[in-house]
$ cat query27.cif   # mmCIF, C-alpha atoms and all ligand atoms
data_upload
loop_
_atom_site.label_atom_id
_atom_site.label_comp_id
_atom_site.auth_asym_id
_atom_site.auth_seq_id
_atom_site.Cartn_x
_atom_site.Cartn_y
_atom_site.Cartn_z
CA MET L 1 -14.72 16.58 -2.50
CA THR L 2 -16.75 18.45 -0.03
CA GLY L 3 -17.33 17.84 3.64
CA HIS L 4 -20.98 17.18 4.23
CA LYS L 5 -22.20 16.12 7.67
CA THR L 6 -18.95 17.23 9.22
CA GLY L 7 -20.19 17.06 12.82
CA GLY L 8 -20.85 13.32 12.86
CA TRP L 9 -17.72 12.64 10.93
CA LEU L 10 -15.53 14.66 13.29
CA SER L 11 -16.68 12.67 16.26
CA ARG L 12 -15.95 9.48 14.32
CA LEU L 13 -12.46 10.74 13.55
CA ARG L 14 -11.93 11.54 17.22
CA THR L 15 -13.26 8.16 18.30
CA GLY L 16 -11.25 6.47 15.55
CA LEU L 17 -8.05 8.08 16.74
CA THR L 18 -8.71 7.21 20.39
CA LYS L 19 -6.01 4.54 20.42
CA SER L 20 -3.50 7.04 19.07
CA SER L 21 -4.56 9.89 21.37
CA GLN L 22 -4.63 7.62 24.42
CA HIS L 23 -1.08 6.63 23.73
CA PHE L 24 -0.14 10.33 23.92
CA SER L 25 -2.20 11.29 26.93
CA GLU L 26 -1.08 8.31 29.01
CA GLY L 27 2.51 8.80 27.94
CA MET L 28 2.46 12.51 28.77
CA THR L 29 0.92 12.00 32.18
CA LYS L 30 3.81 9.65 32.97
CA ILE L 31 6.45 12.03 31.63
CA PHE L 32 5.15 15.12 33.41
CA ARG L 33 5.86 14.16 36.96
CA ASN L 34 7.03 17.67 37.88
CA HIS L 35 4.95 19.64 35.34
CA ARG L 36 8.00 21.40 34.03
CA LEU L 37 9.56 21.31 30.59
CA ASP L 38 13.09 20.38 31.56
CA GLU L 39 15.69 18.52 29.53
CA GLU L 40 14.68 15.08 30.74
CA THR L 41 11.00 15.74 30.05
CA LEU L 42 11.70 16.99 26.55
CA SER L 43 13.83 13.98 25.75
CA ASP L 44 11.10 11.61 27.06
CA LEU L 45 8.56 13.52 25.02
CA GLU L 46 10.63 13.13 21.87
CA GLU L 47 10.73 9.38 22.47
CA LEU L 48 6.98 9.28 23.00
CA LEU L 49 6.37 11.12 19.74
CA ILE L 50 8.70 8.79 17.85
CA SER L 51 6.97 5.74 19.32
CA SER L 52 3.71 7.15 17.94
CA ASP L 53 5.06 6.91 14.37
CA ILE L 54 5.32 10.69 14.05
CA GLY L 55 8.84 10.20 12.71
CA VAL L 56 12.26 11.15 14.04
CA ALA L 57 12.60 14.38 12.05
CA THR L 58 9.13 15.68 12.92
CA ALA L 59 9.47 14.68 16.57
CA SER L 60 12.74 16.53 16.88
CA GLN L 61 11.25 19.58 15.14
CA LEU L 62 8.25 19.63 17.51
CA VAL L 63 10.39 19.20 20.61
CA GLY L 64 12.90 21.76 19.31
CA SER L 65 10.15 24.33 19.07
CA LEU L 66 9.04 23.61 22.66
CA GLU L 67 12.62 23.91 23.82
CA ARG L 68 13.02 27.32 22.19
CA HIS L 69 9.74 28.80 23.31
CA ARG L 70 8.71 27.03 26.51
CA PHE L 71 11.86 25.74 28.20
CA HIS L 72 11.50 25.51 32.01
CA GLU L 73 7.92 26.71 31.86
CA GLU L 74 5.41 25.11 34.13
CA ILE L 75 2.87 23.43 31.99
CA SER L 76 0.10 20.89 32.36
CA PRO L 77 -0.14 17.79 30.14
CA GLU L 78 -3.41 19.20 28.74
CA GLN L 79 -1.76 22.51 27.78
CA LEU L 80 1.12 20.64 26.25
CA ARG L 81 -1.21 18.54 24.11
CA GLU L 82 -2.86 21.73 22.86
CA ILE L 83 0.47 23.31 21.95
CA LEU L 84 1.58 20.15 20.18
CA ALA L 85 -1.74 19.92 18.35
CA ASP L 86 -1.25 23.51 17.12
CA ASN L 87 2.28 22.73 15.95
CA ILE L 88 1.17 19.51 14.25
CA ALA L 89 -1.66 21.38 12.53
CA GLU L 90 0.99 23.76 11.15
CA VAL L 91 2.91 20.82 9.69
CA LEU L 92 -0.27 19.40 8.19
CA ALA L 93 -1.87 22.61 6.90
CA PRO L 94 0.15 22.85 3.66
CA VAL L 95 -0.83 19.31 2.60
CA ALA L 96 -4.53 19.50 3.49
CA LYS L 97 -5.91 19.91 -0.02
CA PRO L 98 -9.27 18.62 -1.16
CA LEU L 99 -9.49 16.62 -4.37
CA VAL L 100 -10.89 19.06 -6.90
CA PRO L 101 -11.46 18.01 -10.51
CA GLY L 102 -9.81 20.36 -13.02
CA PRO L 103 -12.35 22.38 -15.04
CA ASP L 104 -10.57 21.61 -18.33
CA ASN L 105 -10.51 17.85 -17.98
CA LYS L 106 -13.59 16.08 -19.15
CA PRO L 107 -13.46 13.57 -17.71
CA HIS L 108 -11.00 14.22 -14.91
CA VAL L 109 -9.22 10.87 -14.67
CA ILE L 110 -8.38 9.66 -11.17
CA LEU L 111 -6.09 6.64 -11.03
CA VAL L 112 -6.19 4.85 -7.68
CA VAL L 113 -3.20 2.75 -6.64
CA GLY L 114 -1.82 1.07 -3.54
CA VAL L 115 -0.76 -2.17 -1.92
CA ASN L 116 -3.15 -5.08 -1.40
CA GLY L 117 -6.07 -4.36 0.87
CA SER L 118 -5.15 -0.73 1.59
CA GLY L 119 -8.72 0.37 0.78
CA LYS L 120 -8.60 1.39 -2.91
CA THR L 121 -11.93 0.00 -4.04
CA THR L 122 -13.78 1.20 -0.95
CA THR L 123 -12.20 4.65 -1.32
CA ILE L 124 -13.38 4.80 -4.94
CA GLY L 125 -16.92 4.05 -3.77
CA LYS L 126 -16.71 6.77 -1.14
CA ILE L 127 -15.22 9.35 -3.52
CA ALA L 128 -17.87 8.49 -6.12
CA LYS L 129 -20.62 9.10 -3.61
CA SER L 130 -19.18 12.47 -2.67
CA PHE L 131 -18.84 13.59 -6.31
CA ARG L 132 -22.35 12.35 -7.09
CA GLU L 133 -23.63 14.48 -4.21
CA ASP L 134 -21.95 17.43 -5.94
CA GLY L 135 -24.01 16.61 -9.04
CA LEU L 136 -21.17 15.20 -11.16
CA GLU L 137 -21.38 12.35 -13.66
CA VAL L 138 -18.98 9.66 -12.55
CA MET L 139 -17.74 6.56 -14.35
CA MET L 140 -15.64 3.73 -12.94
CA ALA L 141 -13.16 1.46 -14.68
CA ALA L 142 -12.53 -1.94 -13.10
CA CYS L 143 -8.87 -2.38 -13.98
CA ASP L 144 -8.30 -4.92 -11.23
CA THR L 145 -8.68 -7.82 -13.67
CA PHE L 146 -6.86 -10.33 -11.49
CA ARG L 147 -9.86 -11.41 -9.48
CA ALA L 148 -13.46 -11.67 -10.63
CA ALA L 149 -14.46 -10.74 -7.06
CA ALA L 150 -12.72 -7.38 -7.49
CA VAL L 151 -15.02 -6.44 -10.36
CA GLU L 152 -18.04 -7.61 -8.38
CA GLN L 153 -17.02 -5.41 -5.43
CA LEU L 154 -16.67 -2.33 -7.63
CA LYS L 155 -19.95 -3.16 -9.38
CA ILE L 156 -21.77 -3.00 -6.06
CA TRP L 157 -20.26 0.43 -5.38
CA SER L 158 -21.18 1.64 -8.88
CA GLU L 159 -24.80 0.58 -8.40
CA ARG L 160 -24.96 2.04 -4.91
CA THR L 161 -23.67 5.41 -6.13
CA GLY L 162 -25.37 5.52 -9.54
CA CYS L 163 -22.22 5.41 -11.66
CA GLN L 164 -21.60 3.60 -14.90
CA LEU L 165 -19.02 0.82 -14.70
CA VAL L 166 -16.65 -0.29 -17.45
CA SER L 167 -15.29 -3.77 -16.84
CA GLY L 168 -13.78 -6.66 -18.73
CA LYS L 169 -13.14 -10.32 -18.11
CA GLU L 170 -10.82 -11.82 -15.52
CA GLY L 171 -7.30 -11.78 -16.95
CA ASP L 172 -7.93 -8.95 -19.42
CA ASP L 173 -5.12 -6.48 -20.00
CA PRO L 174 -5.77 -3.55 -17.63
CA ALA L 175 -4.03 -1.09 -19.98
CA GLY L 176 -6.36 -1.98 -22.85
CA LEU L 177 -9.34 -1.80 -20.56
CA VAL L 178 -8.43 1.62 -19.21
CA PHE L 179 -7.94 2.96 -22.73
CA ASP L 180 -11.44 1.81 -23.76
CA ALA L 181 -12.95 3.14 -20.54
CA TYR L 182 -11.37 6.57 -21.06
CA LYS L 183 -12.68 6.77 -24.65
CA LYS L 184 -16.13 5.77 -23.48
CA ALA L 185 -16.10 8.27 -20.60
CA ARG L 186 -15.23 11.00 -23.12
CA ARG L 187 -18.04 9.97 -25.46
CA LYS L 188 -20.50 9.96 -22.58
CA LYS L 189 -19.18 13.33 -21.37
CA ALA L 190 -18.56 12.03 -17.86
CA ASP L 191 -17.06 14.52 -15.40
CA ILE L 192 -14.96 11.98 -13.54
CA LEU L 193 -13.39 8.63 -14.42
CA LEU L 194 -12.29 6.63 -11.38
CA VAL L 195 -9.83 3.86 -12.22
CA ASP L 196 -9.56 0.96 -9.77
CA THR L 197 -6.36 -1.09 -9.96
CA ALA L 198 -5.21 -4.37 -8.46
CA GLY L 199 -3.36 -4.24 -5.16
CA ARG L 200 0.36 -4.64 -5.66
CA LEU L 201 3.25 -4.91 -3.29
CA GLN L 202 5.74 -2.16 -3.86
CA ASN L 203 8.59 -4.65 -4.39
CA LYS L 204 6.93 -6.67 -7.17
CA LYS L 205 8.59 -5.27 -10.28
CA GLY L 206 6.27 -6.75 -12.93
CA LEU L 207 3.15 -5.45 -11.26
CA MET L 208 4.64 -2.04 -10.72
CA GLU L 209 5.57 -1.86 -14.41
CA GLU L 210 1.98 -2.74 -15.27
CA LEU L 211 0.97 0.51 -13.58
CA GLN L 212 3.24 2.41 -15.94
CA LYS L 213 1.48 0.70 -18.85
CA ILE L 214 -1.87 1.85 -17.51
CA VAL L 215 -0.54 5.41 -17.28
CA ARG L 216 0.81 5.26 -20.84
CA ALA L 217 -2.54 3.97 -22.14
CA LEU L 218 -4.30 6.94 -20.53
CA GLN L 219 -1.73 9.32 -21.98
CA LYS L 220 -2.53 8.10 -25.48
CA VAL L 221 -5.90 9.79 -25.03
CA ASP L 222 -4.64 12.87 -23.16
CA ALA L 223 -0.97 13.53 -22.47
CA LYS L 224 -1.87 15.13 -19.13
CA ALA L 225 -3.74 12.05 -17.86
CA PRO L 226 -4.13 10.72 -15.26
CA HIS L 227 -5.08 14.13 -13.88
CA SER L 228 -4.92 12.77 -10.36
CA CYS L 229 -3.08 9.73 -9.15
CA LEU L 230 -4.07 8.76 -5.64
CA LEU L 231 -1.98 6.51 -3.49
CA VAL L 232 -4.18 4.83 -0.90
CA LEU L 233 -2.36 3.98 2.33
CA ASP L 234 -3.56 1.94 5.28
CA ALA L 235 -2.90 3.90 8.48
CA THR L 236 -2.52 0.71 10.51
CA THR L 237 0.66 -0.25 8.62
CA GLY L 238 2.61 2.55 10.30
CA GLN L 239 6.18 3.09 9.16
CA ASN L 240 5.87 0.89 6.05
CA ALA L 241 3.84 3.71 4.50
CA HIS L 242 7.09 5.61 3.83
CA THR L 243 8.49 2.79 1.66
CA GLN L 244 5.18 2.55 -0.16
CA VAL L 245 5.15 6.26 -1.02
CA GLU L 246 8.74 6.12 -2.26
CA ALA L 247 8.22 2.99 -4.37
CA PHE L 248 4.99 4.13 -6.03
CA ARG L 249 6.37 7.59 -6.70
CA GLU L 250 9.35 6.11 -8.47
CA MET L 251 7.04 4.35 -10.92
CA ILE L 252 4.19 6.77 -11.53
CA PRO L 253 3.38 10.44 -10.85
CA VAL L 254 1.53 10.18 -7.53
CA THR L 255 -0.33 13.47 -7.00
CA GLY L 256 -1.94 12.87 -3.63
CA LEU L 257 -2.58 10.56 -0.72
CA VAL L 258 -5.64 9.09 0.88
CA MET L 259 -5.15 7.36 4.20
CA THR L 260 -7.71 4.81 5.38
CA LYS L 261 -8.55 2.90 8.55
CA PHE L 262 -8.05 5.68 11.05
CA ASP L 263 -10.80 4.03 13.03
CA GLY L 264 -8.86 2.05 15.57
CA THR L 265 -5.17 2.57 14.90
CA ALA L 266 -2.51 3.56 17.40
CA LYS L 267 -0.28 4.59 14.49
CA GLY L 268 -2.19 7.69 13.43
CA GLY L 269 0.95 9.81 13.83
CA VAL L 270 2.40 8.36 10.64
CA LEU L 271 0.38 10.84 8.60
CA VAL L 272 2.27 13.71 10.23
CA ALA L 273 5.61 12.12 9.33
CA LEU L 274 4.48 11.58 5.73
CA ALA L 275 3.27 15.15 5.40
CA ASP L 276 6.57 16.43 6.70
CA GLN L 277 8.73 14.11 4.61
CA PHE L 278 6.96 14.17 1.23
CA GLY L 279 4.75 17.26 1.21
CA LEU L 280 2.24 15.40 -0.99
CA PRO L 281 -1.35 16.63 -0.74
CA VAL L 282 -3.47 14.58 1.65
CA HIS L 283 -6.93 14.64 0.13
CA ALA L 284 -8.96 12.59 2.52
CA VAL L 285 -8.89 10.18 5.41
CA GLY L 286 -11.07 7.13 5.94
CA VAL L 287 -12.59 6.32 9.30
CA GLY L 288 -14.71 3.29 8.46
CA GLU L 289 -16.07 0.98 5.82
CA SER L 290 -19.25 2.76 4.82
CA ALA L 291 -19.82 5.35 2.09
CA ASP L 292 -19.90 8.30 4.48
CA ASP L 293 -16.65 7.40 6.21
CA LEU L 294 -14.35 9.43 3.98
CA ARG L 295 -13.97 13.16 4.35
CA ALA L 296 -11.80 15.93 3.07
CA PHE L 297 -8.75 16.17 5.26
CA SER L 298 -8.68 18.98 7.82
CA ALA L 299 -5.31 19.72 9.42
CA ALA L 300 -6.66 21.26 12.65
CA ALA L 301 -9.34 18.61 13.21
CA PHE L 302 -6.86 15.83 12.61
CA ALA L 303 -4.18 17.31 14.88
CA ASP L 304 -6.68 17.86 17.70
CA SER L 305 -8.06 14.34 17.37
CA LEU L 306 -4.59 12.85 17.32
CA MET L 307 -3.67 14.68 20.54
CA GLY L 308 -7.07 14.07 22.11
CA VAL L 309 -7.74 17.80 22.39
CA GLU L 310 -11.36 18.94 22.52
CA ARG L 311 -12.02 22.63 22.13
N1 LIG T 401 -12.14 0.02 9.28
C1 LIG T 401 -11.94 0.44 8.04
N2 LIG T 401 -11.94 -0.44 7.06
C2 LIG T 401 -11.74 0.00 5.80
C3 LIG T 401 -11.55 1.37 5.50
N3 LIG T 401 -11.36 1.47 4.16
C4 LIG T 401 -11.47 0.22 3.67
N4 LIG T 401 -11.69 -0.68 4.65
C5 LIG T 401 -11.84 -2.14 4.57
O1 LIG T 401 -10.61 -2.73 4.21
C6 LIG T 401 -10.81 -3.89 3.43
C7 LIG T 401 -10.05 -3.76 2.11
O2 LIG T 401 -10.64 -2.69 1.38
P1 LIG T 401 -10.66 -2.65 -0.20
O3 LIG T 401 -11.31 -1.39 -0.58
O4 LIG T 401 -11.20 -3.91 -0.75
O5 LIG T 401 -9.11 -2.58 -0.44
P2 LIG T 401 -8.34 -2.67 -1.82
O6 LIG T 401 -7.14 -1.81 -1.68
O7 LIG T 401 -9.25 -2.41 -2.94
O8 LIG T 401 -7.91 -4.20 -1.80
P3 LIG T 401 -7.30 -5.06 -3.03
O9 LIG T 401 -8.10 -4.71 -4.23
O10 LIG T 401 -7.47 -6.47 -2.58
O11 LIG T 401 -5.87 -4.67 -3.13
C8 LIG T 401 -12.32 -4.02 3.23
O12 LIG T 401 -12.82 -4.91 4.18
C9 LIG T 401 -12.82 -2.60 3.51
O13 LIG T 401 -14.15 -2.58 3.97
C10 LIG T 401 -11.55 2.32 6.59
O14 LIG T 401 -11.35 3.53 6.45
N5 LIG T 401 -11.76 1.79 7.83
MG MG T 402 -9.67 -3.49 -4.65
#
$ encode --input "query27.cif" --output "structure tokens" --more "lines below"
Ligand SMILES: Nc1nc2c(ncn2[C@@H]2O[C@H](COP(=O)(O)OP(=O)(O)OP(=O)(O)O)[C@@H](O)[C@H]2O)c(=O)[nH]1
Ligand SMILES: [Mg+2]
Amino acid sequence: MTGHKTGGWLSRLRTGLTKSSQHFSEGMTKIFRNHRLDEETLSDLEELLISSDIGVATASQLVGSLERHRFHEEISPEQLREILADNIAEVLAPVAKPLVPGPDNKPHVILVVGVNGSGKTTTIGKIAKSFREDGLEVMMAACDTFRAAAVEQLKIWSERTGCQLVSGKEGDDPAGLVFDAYKKARRKKADILLVDTAGRLQNKKGLMEELQKIVRALQKVDAKAPHSCLLVLDATTGQNAHTQVEAFREMIPVTGLVMTKFDGTAKGGVLVALADQFGLPVHAVGVGESADDLRAFSAAAFADSLMGVER
């Protein structure tokens, strides 16, 4: 995925993360009564970072670094936000990896999973648009066979983006459907096959096992498939994202994350905690409901937006 029209998107990311960045800037102004990084200030700062869903381990790491390098320095809240943004960008840099289809996989199969309403189908539409702009042939498989409306929603995205859709009837076996779709995508020499799945709560055993069946069906065609397995997370759910990552990873080989709904969440920090805890690639973040609202993830841009730093 490439990053077209980055300028407009960056300002949307910044605006989207306003609730998160305001939480920091207001909090820091309160903490920095004497503009000095003393023990009390650092401890208040650690609490502020934790309350922003950045996670206990990451918060303590960020504050520890300030303590080592800046203790007792006089510092303005603005400078502090810049330093923190730099440190957060360092945490995020190793996971900021665009979703690139492997040259040997034709098609490159991308399985998209996540809990109900996290943004899977919309993300597929957005990813499809981006790949189409790169000149790739994209097919979609509607493996959410629970609801007829789910197929309809994906159909709209397939028409909007000029992709062929493989779908079945409500109640069809998603594993059988994905197998047929993969065969067809091979015959048609598609570059990408995007597989939409039904939303499932991470604690529903039967539904989670169904995902494993879908993976096995794909592996009957190519043992290395799915070549990417994206877990879509809703940024507004905050800490619950950790449980979701753990539960999905236990069942299937998740290869990367996409986080949606950064427009208007005060819990944007959770992405930093996830990056630090799991080290899974973060391919893209969503900042709205339209096709252009997904972009390749940039560590520095995200960290600056989260801290409300403009430079
Ligand atoms: N604001 C905002 N809304 C989003 C974003 N991504 C998706 N949505 C909206 O979230 C809602 C759910 O998105 P879907 O793509 O249907 O989610 P899903 O994971 O496919 O849902 P199920 O198939 O029901 O599990 C829709 O109203 C989307 O328009 C985003 O980045 N920002
Ligand atoms: Mg869906």
$ closest_residue --input "query27.cif" --among "L:Glu26, L:Asp191, L:Glu137, L:Asp144" --to "L:Pro103" --atoms "all atoms listed in the file"
L:Asp191
$ residues_near_ligand --input "query27.cif" --ligand "ligand MG 402 (chain T)" --cutoff "7 Å" --atoms "only C-alpha atoms and all ligand atoms" --output "VMD selection string"
chain L and resid 117 119 to 121 144 150 196 to 199
$ closest_residue --input "query27.cif" --among "L:Tyr182, L:Phe146, L:Phe131, L:Phe297" --to "L:Pro107" --atoms "all atoms listed in the file"
L:Tyr182
$ atom_distance --input "query27.cif" --atom1 "atom CA of L:Gly206" --atom2 "atom CA of L:Leu271"
28.4 Å
$ residues_near_ligand --input "query27.cif" --ligand "ligand LIG 401 (chain T)" --cutoff "8 Å" --atoms "all atoms listed in the file" --output "VMD selection string"
chain L and resid 113 to 124 144 150 153 196 to 200 232 234 259 to 264 285 to 290 293 to 294
